[in-house]
>>> print(open('coords_23.cif').read())   # mmCIF, C-alpha atoms and all ligand atoms
data_model
#
loop_
_atom_site.label_atom_id
_atom_site.label_comp_id
_atom_site.auth_asym_id
_atom_site.auth_seq_id
_atom_site.Cartn_x
_atom_site.Cartn_y
_atom_site.Cartn_z
CA MET A 1 -59.42 2.30 -85.55
CA ARG A 2 -60.20 5.85 -84.41
CA ASP A 3 -61.10 4.61 -80.92
CA LYS A 4 -57.91 2.61 -80.72
CA ILE A 5 -55.83 5.67 -81.62
CA ARG A 6 -57.59 7.73 -78.96
CA GLU A 7 -57.09 4.97 -76.40
CA ILE A 8 -53.37 4.65 -77.13
CA GLU A 9 -52.91 8.42 -76.90
CA LYS A 10 -54.61 8.54 -73.52
CA SER A 11 -52.58 5.70 -71.99
CA ALA A 12 -49.29 6.94 -73.50
CA VAL A 13 -49.67 10.48 -72.14
CA GLU A 14 -50.66 9.07 -68.76
CA GLU A 15 -47.71 6.71 -68.56
CA ILE A 16 -45.24 9.37 -69.60
CA THR A 17 -46.63 11.89 -67.13
CA LEU A 18 -46.42 9.42 -64.28
CA ALA A 19 -42.96 8.09 -65.12
CA VAL A 20 -40.85 8.50 -61.97
CA ASP A 21 -37.43 7.89 -63.41
CA ALA A 22 -35.47 7.67 -66.65
CA ASP A 23 -36.01 3.89 -66.77
CA ALA A 24 -39.80 4.18 -66.69
CA LEU A 25 -39.64 6.83 -69.38
CA GLU A 26 -37.49 4.65 -71.62
CA LYS A 27 -39.93 1.75 -71.16
CA ALA A 28 -42.79 4.01 -72.27
CA ARG A 29 -40.79 5.11 -75.33
CA VAL A 30 -40.17 1.49 -76.37
CA LYS A 31 -43.78 0.51 -75.64
CA TYR A 32 -45.22 3.19 -77.95
CA LEU A 33 -42.55 4.27 -80.44
CA GLY A 34 -40.24 1.24 -80.45
CA ARG A 35 -39.88 -1.05 -83.48
CA LYS A 36 -42.69 -3.22 -82.19
CA GLY A 37 -44.38 -0.38 -80.34
CA LEU A 38 -48.10 0.31 -80.33
CA VAL A 39 -47.87 3.40 -82.53
CA THR A 40 -45.56 1.64 -84.96
CA GLU A 41 -48.01 -1.23 -85.03
CA LEU A 42 -50.80 1.16 -86.07
CA PHE A 43 -48.83 2.23 -89.13
CA LYS A 44 -48.40 -1.43 -90.06
CA ASN A 45 -52.17 -1.95 -89.82
CA MET A 46 -52.82 0.81 -92.37
CA SER A 47 -53.09 -1.83 -95.11
CA GLY A 48 -56.38 -2.99 -93.63
CA VAL A 49 -57.91 0.50 -93.71
CA SER A 50 -60.38 1.21 -96.50
CA PRO A 51 -59.06 3.52 -99.27
CA ALA A 52 -61.64 6.17 -98.34
CA ASP A 53 -60.41 6.39 -94.72
CA LYS A 54 -56.72 5.98 -95.44
CA ALA A 55 -55.83 9.67 -95.62
CA GLU A 56 -57.67 10.59 -92.43
CA ILE A 57 -56.42 7.65 -90.37
CA GLY A 58 -52.89 8.27 -91.61
CA LYS A 59 -53.09 11.86 -90.35
CA LEU A 60 -54.45 10.73 -86.96
CA ILE A 61 -51.64 8.22 -86.44
CA ASN A 62 -49.05 10.84 -87.42
CA ALA A 63 -50.55 13.29 -84.94
CA LEU A 64 -50.49 10.58 -82.27
CA LYS A 65 -46.84 9.87 -82.95
CA GLU A 66 -46.06 13.57 -82.61
CA THR A 67 -47.99 13.89 -79.34
CA VAL A 68 -46.16 10.92 -77.81
CA SER A 69 -42.71 12.18 -79.00
CA LYS A 70 -43.39 15.62 -77.60
CA ALA A 71 -44.53 14.26 -74.23
CA LEU A 72 -41.34 12.14 -74.05
CA ASP A 73 -39.12 15.10 -74.98
CA GLU A 74 -40.68 17.34 -72.38
CA LYS A 75 -40.35 14.80 -69.60
CA THR A 76 -36.74 13.79 -70.34
CA PRO A 77 -34.93 16.88 -68.92
CA VAL A 78 -37.04 16.71 -65.78
CA LEU A 79 -35.86 13.19 -65.01
CA SER A 80 -32.25 13.30 -66.19
CA GLY A 81 -29.51 14.21 -63.76
CA GLY A 82 -30.87 12.32 -60.82
CA SER A 83 -32.28 8.88 -60.30
CA ASP A 84 -34.40 9.85 -57.31
CA SER A 85 -37.98 10.86 -57.70
CA GLY A 86 -38.51 12.90 -60.81
CA ALA A 87 -41.60 14.44 -59.36
CA GLN A 88 -39.36 16.29 -56.89
CA LYS A 89 -37.92 19.55 -58.13
CA THR A 90 -34.90 21.29 -56.58
CA ASP A 91 -35.84 22.73 -53.22
CA ILE A 92 -34.72 26.33 -53.52
CA THR A 93 -35.48 27.00 -49.87
CA LEU A 94 -32.58 24.77 -48.72
CA PRO A 95 -29.57 26.72 -47.41
CA GLY A 96 -26.81 26.86 -50.06
CA ILE A 97 -23.45 25.14 -49.91
CA ILE A 98 -21.02 27.87 -48.92
CA ARG A 99 -17.63 27.35 -50.47
CA GLU A 100 -14.73 28.70 -48.44
CA ILE A 101 -12.52 30.54 -50.86
CA GLY A 102 -8.83 30.01 -50.14
CA ARG A 103 -6.24 32.73 -50.32
CA LEU A 104 -2.48 33.13 -50.38
CA HIS A 105 -0.57 32.93 -47.12
CA PRO A 106 0.82 36.39 -46.21
CA ILE A 107 4.36 35.06 -46.76
CA SER A 108 3.50 33.76 -50.24
CA LYS A 109 1.82 37.06 -50.96
CA THR A 110 4.87 39.02 -49.87
CA ILE A 111 7.19 36.76 -51.91
CA GLU A 112 5.01 37.34 -54.98
CA GLU A 113 4.98 41.06 -54.40
CA ILE A 114 8.76 41.34 -53.91
CA CYS A 115 9.50 39.10 -56.90
CA GLY A 116 6.99 41.10 -58.95
CA VAL A 117 8.99 44.30 -58.49
CA PHE A 118 12.20 42.62 -59.66
CA ILE A 119 10.51 40.73 -62.50
CA SER A 120 9.35 44.11 -63.81
CA LEU A 121 13.05 45.10 -63.86
CA GLY A 122 13.92 42.04 -65.97
CA PHE A 123 14.98 39.59 -63.22
CA LYS A 124 14.24 35.88 -63.60
CA VAL A 125 13.11 33.70 -60.68
CA VAL A 126 15.46 30.80 -59.82
CA GLU A 127 15.25 28.24 -57.00
CA GLY A 128 17.70 25.92 -55.30
CA PRO A 129 17.73 23.04 -52.79
CA GLU A 130 16.99 23.50 -49.09
CA ILE A 131 19.31 20.61 -48.24
CA GLU A 132 22.81 21.83 -49.02
CA ASN A 133 26.39 20.81 -48.52
CA GLU A 134 29.15 22.83 -46.89
CA HIS A 135 30.68 23.67 -50.23
CA TYR A 136 27.75 25.73 -51.52
CA ASN A 137 26.51 27.03 -48.17
CA PHE A 138 29.98 28.20 -47.12
CA GLU A 139 33.13 27.52 -49.16
CA ALA A 140 31.96 28.70 -52.58
CA LEU A 141 30.80 31.87 -50.84
CA ASN A 142 34.20 32.54 -49.27
CA ILE A 143 33.03 31.68 -45.78
CA PRO A 144 36.19 30.16 -44.28
CA LEU A 145 36.27 27.18 -41.94
CA GLU A 146 36.86 29.31 -38.85
CA HIS A 147 33.91 31.63 -39.57
CA PRO A 148 31.41 31.58 -36.68
CA SER A 149 28.44 30.63 -38.87
CA ARG A 150 30.20 27.34 -39.73
CA ASP A 151 29.77 26.37 -36.12
CA ALA A 152 27.25 23.57 -35.64
CA PHE A 153 25.31 25.88 -33.33
CA ASP A 154 24.45 28.18 -36.19
CA THR A 155 23.46 25.58 -38.74
CA PHE A 156 21.23 22.52 -38.73
CA TYR A 157 23.51 19.66 -39.77
CA LEU A 158 21.81 16.51 -41.09
CA ASN A 159 25.09 14.58 -41.00
CA ASP A 160 28.72 15.59 -41.47
CA LYS A 161 28.13 16.36 -45.12
CA TRP A 162 24.62 17.72 -45.53
CA LEU A 163 22.90 20.61 -43.77
CA LEU A 164 19.78 22.77 -44.05
CA ARG A 165 20.87 25.90 -45.89
CA SER A 166 21.21 28.89 -43.58
CA HIS A 167 20.69 31.42 -46.38
CA THR A 168 19.68 31.53 -50.06
CA SER A 169 23.17 32.66 -51.14
CA PRO A 170 24.34 29.10 -52.04
CA VAL A 171 21.99 29.29 -55.03
CA GLN A 172 24.19 32.16 -56.30
CA ALA A 173 27.11 29.75 -56.67
CA ARG A 174 24.95 26.93 -58.08
CA PHE A 175 23.48 29.22 -60.72
CA MET A 176 26.79 30.80 -61.74
CA GLU A 177 28.43 27.39 -62.20
CA THR A 178 25.91 26.43 -64.84
CA ASN A 179 25.11 29.80 -66.48
CA LYS A 180 27.04 32.54 -68.23
CA PRO A 181 26.62 36.27 -67.61
CA PRO A 182 24.91 38.59 -68.26
CA PHE A 183 21.95 37.71 -66.05
CA ALA A 184 19.73 39.12 -63.31
CA ILE A 185 18.09 36.57 -61.00
CA ILE A 186 15.95 36.56 -57.89
CA ILE A 187 15.97 33.51 -55.57
CA PRO A 188 13.11 33.04 -53.09
CA GLY A 189 13.10 30.17 -50.61
CA LYS A 190 13.14 28.75 -47.08
CA VAL A 191 16.23 28.94 -44.88
CA TYR A 192 16.96 27.39 -41.48
CA ARG A 193 18.87 28.54 -38.41
CA PRO A 194 18.86 26.92 -34.95
CA ASP A 195 17.70 30.10 -33.19
CA ALA A 196 15.50 29.95 -30.09
CA THR A 197 12.00 30.92 -31.19
CA ASP A 198 10.65 34.25 -29.95
CA ALA A 199 8.66 37.18 -31.31
CA SER A 200 11.38 38.03 -33.84
CA HIS A 201 13.14 34.68 -34.40
CA SER A 202 12.05 31.48 -36.09
CA PHE A 203 14.18 28.40 -36.85
CA MET A 204 12.75 28.49 -40.37
CA PHE A 205 12.09 31.62 -42.35
CA HIS A 206 12.19 32.87 -45.95
CA GLN A 207 14.73 34.88 -47.85
CA ILE A 208 14.89 36.46 -51.25
CA GLU A 209 18.32 36.67 -52.81
CA GLY A 210 19.16 38.88 -55.76
CA LEU A 211 22.15 38.50 -58.09
CA VAL A 212 23.08 40.56 -61.14
CA VAL A 213 26.25 39.82 -63.11
CA SER A 214 27.42 41.50 -66.29
CA ASP A 215 30.53 43.27 -67.60
CA ASN A 216 29.99 46.67 -66.06
CA ILE A 217 27.77 46.46 -62.98
CA ARG A 218 28.44 49.21 -60.43
CA PHE A 219 27.40 49.95 -56.87
CA SER A 220 25.09 52.65 -58.26
CA ASP A 221 23.15 49.90 -60.10
CA LEU A 222 22.62 48.15 -56.77
CA LYS A 223 21.45 51.39 -55.17
CA GLY A 224 19.10 52.12 -58.05
CA ALA A 225 17.49 48.67 -58.02
CA LEU A 226 17.05 48.61 -54.24
CA THR A 227 15.74 52.18 -54.08
CA LEU A 228 13.12 51.38 -56.70
CA PHE A 229 12.21 48.21 -54.81
CA ALA A 230 11.81 50.02 -51.46
CA ARG A 231 9.67 52.76 -52.98
CA GLN A 232 7.35 50.25 -54.66
CA MET A 233 7.10 48.20 -51.49
CA PHE A 234 6.82 50.92 -48.85
CA GLY A 235 5.76 54.06 -50.73
CA GLU A 236 7.22 56.76 -52.97
CA ASN A 237 8.59 58.84 -50.11
CA THR A 238 10.74 56.07 -48.66
CA ARG A 239 14.38 57.13 -48.21
CA MET A 240 17.35 54.76 -48.24
CA ARG A 241 20.50 54.50 -46.15
CA PHE A 242 23.46 52.26 -47.05
CA ARG A 243 25.69 51.50 -44.05
CA PRO A 244 29.13 49.90 -44.55
CA SER A 245 29.05 46.29 -43.37
CA PHE A 246 30.72 42.93 -43.92
CA PHE A 247 29.75 39.74 -45.72
CA PRO A 248 32.43 37.28 -46.87
CA PHE A 249 30.80 36.96 -50.32
CA THR A 250 30.46 40.68 -51.12
CA GLU A 251 33.04 43.45 -51.16
CA PRO A 252 32.23 46.20 -50.42
CA SER A 253 29.20 45.21 -48.37
CA ALA A 254 26.36 47.26 -46.98
CA GLU A 255 23.45 46.96 -44.65
CA VAL A 256 20.48 48.76 -46.13
CA ASP A 257 17.95 50.75 -44.11
CA ILE A 258 14.74 52.46 -45.10
CA SER A 259 13.31 55.55 -43.43
CA CYS A 260 10.94 54.43 -40.66
CA ILE A 261 7.56 53.61 -42.19
CA LEU A 262 5.78 54.60 -38.97
CA CYS A 263 7.36 57.95 -38.07
CA SER A 264 9.16 58.64 -41.39
CA GLY A 265 12.25 59.41 -39.33
CA ASP A 266 10.65 62.72 -38.51
CA ALA A 267 12.64 64.54 -35.78
CA ALA A 268 9.48 66.06 -34.29
CA GLN A 269 8.01 62.60 -33.86
CA ARG A 270 11.14 61.17 -32.37
CA ALA A 271 11.11 63.39 -29.30
CA PRO A 272 9.87 63.36 -26.68
CA HIS A 273 7.94 60.12 -27.51
CA LYS A 274 10.12 57.50 -29.12
CA CYS A 275 8.66 55.78 -32.17
CA SER A 276 7.55 52.24 -31.29
CA LEU A 277 8.90 50.81 -34.54
CA CYS A 278 12.34 52.38 -34.99
CA GLY A 279 12.86 53.29 -31.32
CA GLY A 280 13.60 56.87 -32.35
CA LYS A 281 16.42 55.99 -34.71
CA GLY A 282 14.37 56.95 -37.75
CA TRP A 283 15.73 54.01 -39.79
CA ILE A 284 14.83 50.33 -40.14
CA GLU A 285 17.22 47.71 -41.50
CA ILE A 286 15.71 45.66 -44.32
CA LEU A 287 18.51 43.78 -46.07
CA GLY A 288 22.18 43.00 -46.68
CA ALA A 289 23.90 43.67 -49.99
CA GLY A 290 27.13 44.36 -51.78
CA MET A 291 29.31 43.89 -54.86
CA VAL A 292 30.06 40.22 -55.55
CA ASN A 293 33.46 39.34 -54.07
CA PRO A 294 36.02 38.49 -56.84
CA LYS A 295 36.85 35.35 -54.85
CA VAL A 296 33.27 34.09 -55.36
CA PHE A 297 33.58 34.68 -59.10
CA ARG A 298 36.85 32.72 -59.13
CA ASN A 299 35.22 29.87 -57.15
CA VAL A 300 32.58 29.39 -59.84
CA GLY A 301 34.99 29.73 -62.76
CA TYR A 302 34.29 33.33 -63.77
CA ASN A 303 37.09 35.79 -64.53
CA PRO A 304 36.75 38.68 -62.01
CA GLU A 305 38.73 40.89 -64.40
CA LYS A 306 35.91 40.53 -66.92
CA VAL A 307 32.70 40.49 -64.89
CA THR A 308 31.24 42.47 -62.01
CA GLY A 309 28.00 42.07 -60.14
CA PHE A 310 25.92 42.90 -57.13
CA ALA A 311 24.01 40.69 -54.71
CA PHE A 312 21.50 41.26 -51.96
CA GLY A 313 19.52 39.16 -49.51
CA MET A 314 16.42 40.04 -47.53
CA GLY A 315 14.19 38.30 -45.01
CA VAL A 316 10.63 37.94 -46.29
CA GLU A 317 9.07 37.76 -42.80
CA ARG A 318 10.77 41.01 -41.87
CA ILE A 319 9.37 42.78 -44.94
CA ALA A 320 5.87 41.36 -44.26
CA ILE A 321 6.06 42.34 -40.57
CA LEU A 322 6.90 45.91 -41.54
CA LYS A 323 4.39 46.14 -44.34
CA TYR A 324 1.43 44.73 -42.42
CA GLY A 325 2.34 45.91 -38.91
CA ILE A 326 2.65 42.38 -37.47
CA THR A 327 4.10 42.12 -33.98
CA ASP A 328 5.16 38.47 -33.74
CA ILE A 329 6.85 36.30 -36.39
CA ARG A 330 5.27 33.16 -34.87
CA MET A 331 1.85 34.26 -36.14
CA PHE A 332 2.92 33.35 -39.68
CA PHE A 333 3.41 29.70 -38.77
CA GLU A 334 0.68 28.97 -36.22
CA ASN A 335 -2.03 28.50 -38.87
CA ASP A 336 -4.53 30.51 -36.84
CA ILE A 337 -7.33 31.15 -39.32
CA ARG A 338 -8.27 34.41 -37.55
CA PHE A 339 -4.84 35.79 -38.41
CA LEU A 340 -4.62 34.36 -41.94
CA ARG A 341 -8.11 35.60 -42.90
CA GLN A 342 -6.93 39.19 -42.68
CA PHE A 343 -4.78 38.99 -45.80
N1 LIG A 401 23.17 35.83 -47.14
C1 LIG A 401 23.15 36.98 -46.30
C2 LIG A 401 22.43 36.62 -44.99
O1 LIG A 401 21.75 35.62 -44.93
C3 LIG A 401 22.46 38.15 -46.95
C4 LIG A 401 23.20 38.69 -48.13
C5 LIG A 401 22.95 38.18 -49.40
C6 LIG A 401 24.11 39.69 -48.00
C7 LIG A 401 23.63 38.68 -50.50
C8 LIG A 401 24.82 40.21 -49.09
C9 LIG A 401 24.55 39.69 -50.33
O2 LIG A 401 22.54 37.32 -44.01
#
>>> encode(input="coords_23.cif", output="structure tokens", more="lines below")
Ligand code: PHE
Amino acid sequence: MRDKIREIEKSAVEEITLAVDADALEKARVKYLGRKGLVTELFKNMSGVSPADKAEIGKLINALKETVSKALDEKTPVLSGGSDSGAQKTDITLPGIIREIGRLHPISKTIEEICGVFISLGFKVVEGPEIENEHYNFEALNIPLEHPSRDAFDTFYLNDKWLLRSHTSPVQARFMETNKPPFAIIIPGKVYRPDATDASHSFMFHQIEGLVVSDNIRFSDLKGALTLFARQMFGENTRMRFRPSFFPFTEPSAEVDISCILCSGDAAQRAPHKCSLCGGKGWIEILGAGMVNPKVFRNVGYNPEKVTGFAFGMGVERIAILKYGITDIRMFFENDIRFLRQF
């Protein structure tokens, strides 16, 4: 009996050590510890052992069972996780798999940054469709039929009813029709204009529209919000200039400039060498804005005697170009990894 135990131990340990895969290991487990396994069989044979030897033999079989279980347990993690040769460990000298980590496109990054400033002021982000109809792109915004931007040359028409929106302002009208003031919203998105592509024009670009409507919104609120935005975006010392302008959907309207971020509008820098960014003017235009035209309020069913509001619209590419010192708008859309990697 003792010899048999020793024999079984030797062959079990050998088989387990040499097992090359999980299957072989499982076979060894069944062969020794299974219901009809060799070790199990030994326990069954205990009845034939003389009473004097019973205690000792019992101990030996228990020890054998433990040895086999332990050998199985130790081998299992080595073989699991791969069906190829268990004798082979991971080769740590192989070169690693380098994962390319993606990043945000500079335009997405700029949109997030701009929206972030306004979100911190309590604005909510709203989106609208890129395929629009004439009503929202023009009529609701008080852009009359004879206005030059209605001309097919200035807008991509899909058919005589639908077009690619030429600005994000139509979302103003869509939002107001289905929501009640007070609210403050920011509308990022793509817009389309059939411009010939060059360093500063693209047939598709991005805008961010802002709209605030409540019962007592004043021009000073517009100035405050935009001044805070410009300082967060371009630095604390940025100065603002509001020039009278015209948009059919705002009255009064303004074009908004910031002090040149390259020369700061500094007179000493302007002469005799003209600044390459502002051309010596000292100011750079960044957006259009104004107080919402009462006609627009009437078009969406608001009472202009009861509500006032301001709106603004800016080009995202323009902001990104200024912020990062980019010289050609086409770089944003060429997908050249050498350009995109820099952000
Ligand atoms: N929609 C105008 C444009 O595309 C910008 C603008 C928006 C101006 C809101 C005033 C108010 O040029």
>>> atom_distance(input="coords_23.cif", atom1="atom CA of A:Pro106", atom2="atom CA of A:Phe205")
12.8 Å
>>> residues_around(input="coords_23.cif", residues="A:Glu66", least_positions_apart="6", cutoff="12 Å", atoms="all atoms listed in the file", output="list of chain:residue names")
A:Glu9, A:Ala12, A:Val13, A:Tyr32, A:Leu33, A:Val39, A:Lys59, A:Leu60, A:Leu72, A:Asp73
>>> write_last_selection(input="coords_23.cif", atoms="C-alpha atoms", output="PDB file, in the coordinates of the input")
ATOM      1  CA  GLU A   9     -52.910   8.420 -76.900  1.00  0.00           C
ATOM      2  CA  ALA A  12     -49.290   6.940 -73.500  1.00  0.00           C
ATOM      3  CA  VAL A  13     -49.670  10.480 -72.140  1.00  0.00           C
ATOM      4  CA  TYR A  32     -45.220   3.190 -77.950  1.00  0.00           C
ATOM      5  CA  LEU A  33     -42.550   4.270 -80.440  1.00  0.00           C
ATOM      6  CA  VAL A  39     -47.870   3.400 -82.530  1.00  0.00           C
ATOM      7  CA  LYS A  59     -53.090  11.860 -90.350  1.00  0.00           C
ATOM      8  CA  LEU A  60     -54.450  10.730 -86.960  1.00  0.00           C
ATOM      9  CA  LEU A  72     -41.340  12.140 -74.050  1.00  0.00           C
ATOM     10  CA  ASP A  73     -39.120  15.100 -74.980  1.00  0.00           C
TER      11      ASP A  73
END
>>> closest_residue(input="coords_23.cif", among="A:Pro188, A:Pro248, A:Ala28, A:Gly280", to="A:Pro148", atoms="only C-alpha atoms")
A:Pro248
>>> closest_atom_pairs(input="coords_23.cif", of="chain A", to="ligand LIG 401 (chain A)", cutoff="8 Å", atoms="all atoms listed in the file", output="CSV")
residue,atom,partner,partner_atom,distance
A:Ser166,CA,A:LIG401,O1,6.9
A:His167,CA,A:LIG401,O1,4.6
A:Thr168,CA,A:LIG401,N1,6.3
A:Ser169,CA,A:LIG401,N1,5.1
A:Gln207,CA,A:LIG401,O1,7.6
A:Glu209,CA,A:LIG401,C5,5.9
A:Gly210,CA,A:LIG401,C7,6.9
A:Leu211,CA,A:LIG401,C7,7.7
A:Phe247,CA,A:LIG401,C8,6.0
A:Phe249,CA,A:LIG401,C9,6.8
A:Thr250,CA,A:LIG401,C8,6.0
A:Ser253,CA,A:LIG401,C8,6.7
A:Ala254,CA,A:LIG401,C8,7.5
A:Leu287,CA,A:LIG401,C3,6.9
A:Gly288,CA,A:LIG401,C6,4.1
A:Ala289,CA,A:LIG401,C8,3.7
A:Gly290,CA,A:LIG401,C8,5.5
A:Met291,CA,A:LIG401,C9,7.8
A:Val292,CA,A:LIG401,C9,7.6
A:Phe310,CA,A:LIG401,C9,7.6
A:Ala311,CA,A:LIG401,C9,4.5
A:Phe312,CA,A:LIG401,C7,3.7
A:Gly313,CA,A:LIG401,C5,3.6
A:Met314,CA,A:LIG401,C3,6.4
>>> atom_distance(input="coords_23.cif", atom1="atom CA of A:Arg193", atom2="atom CA of A:Thr155")
5.5 Å
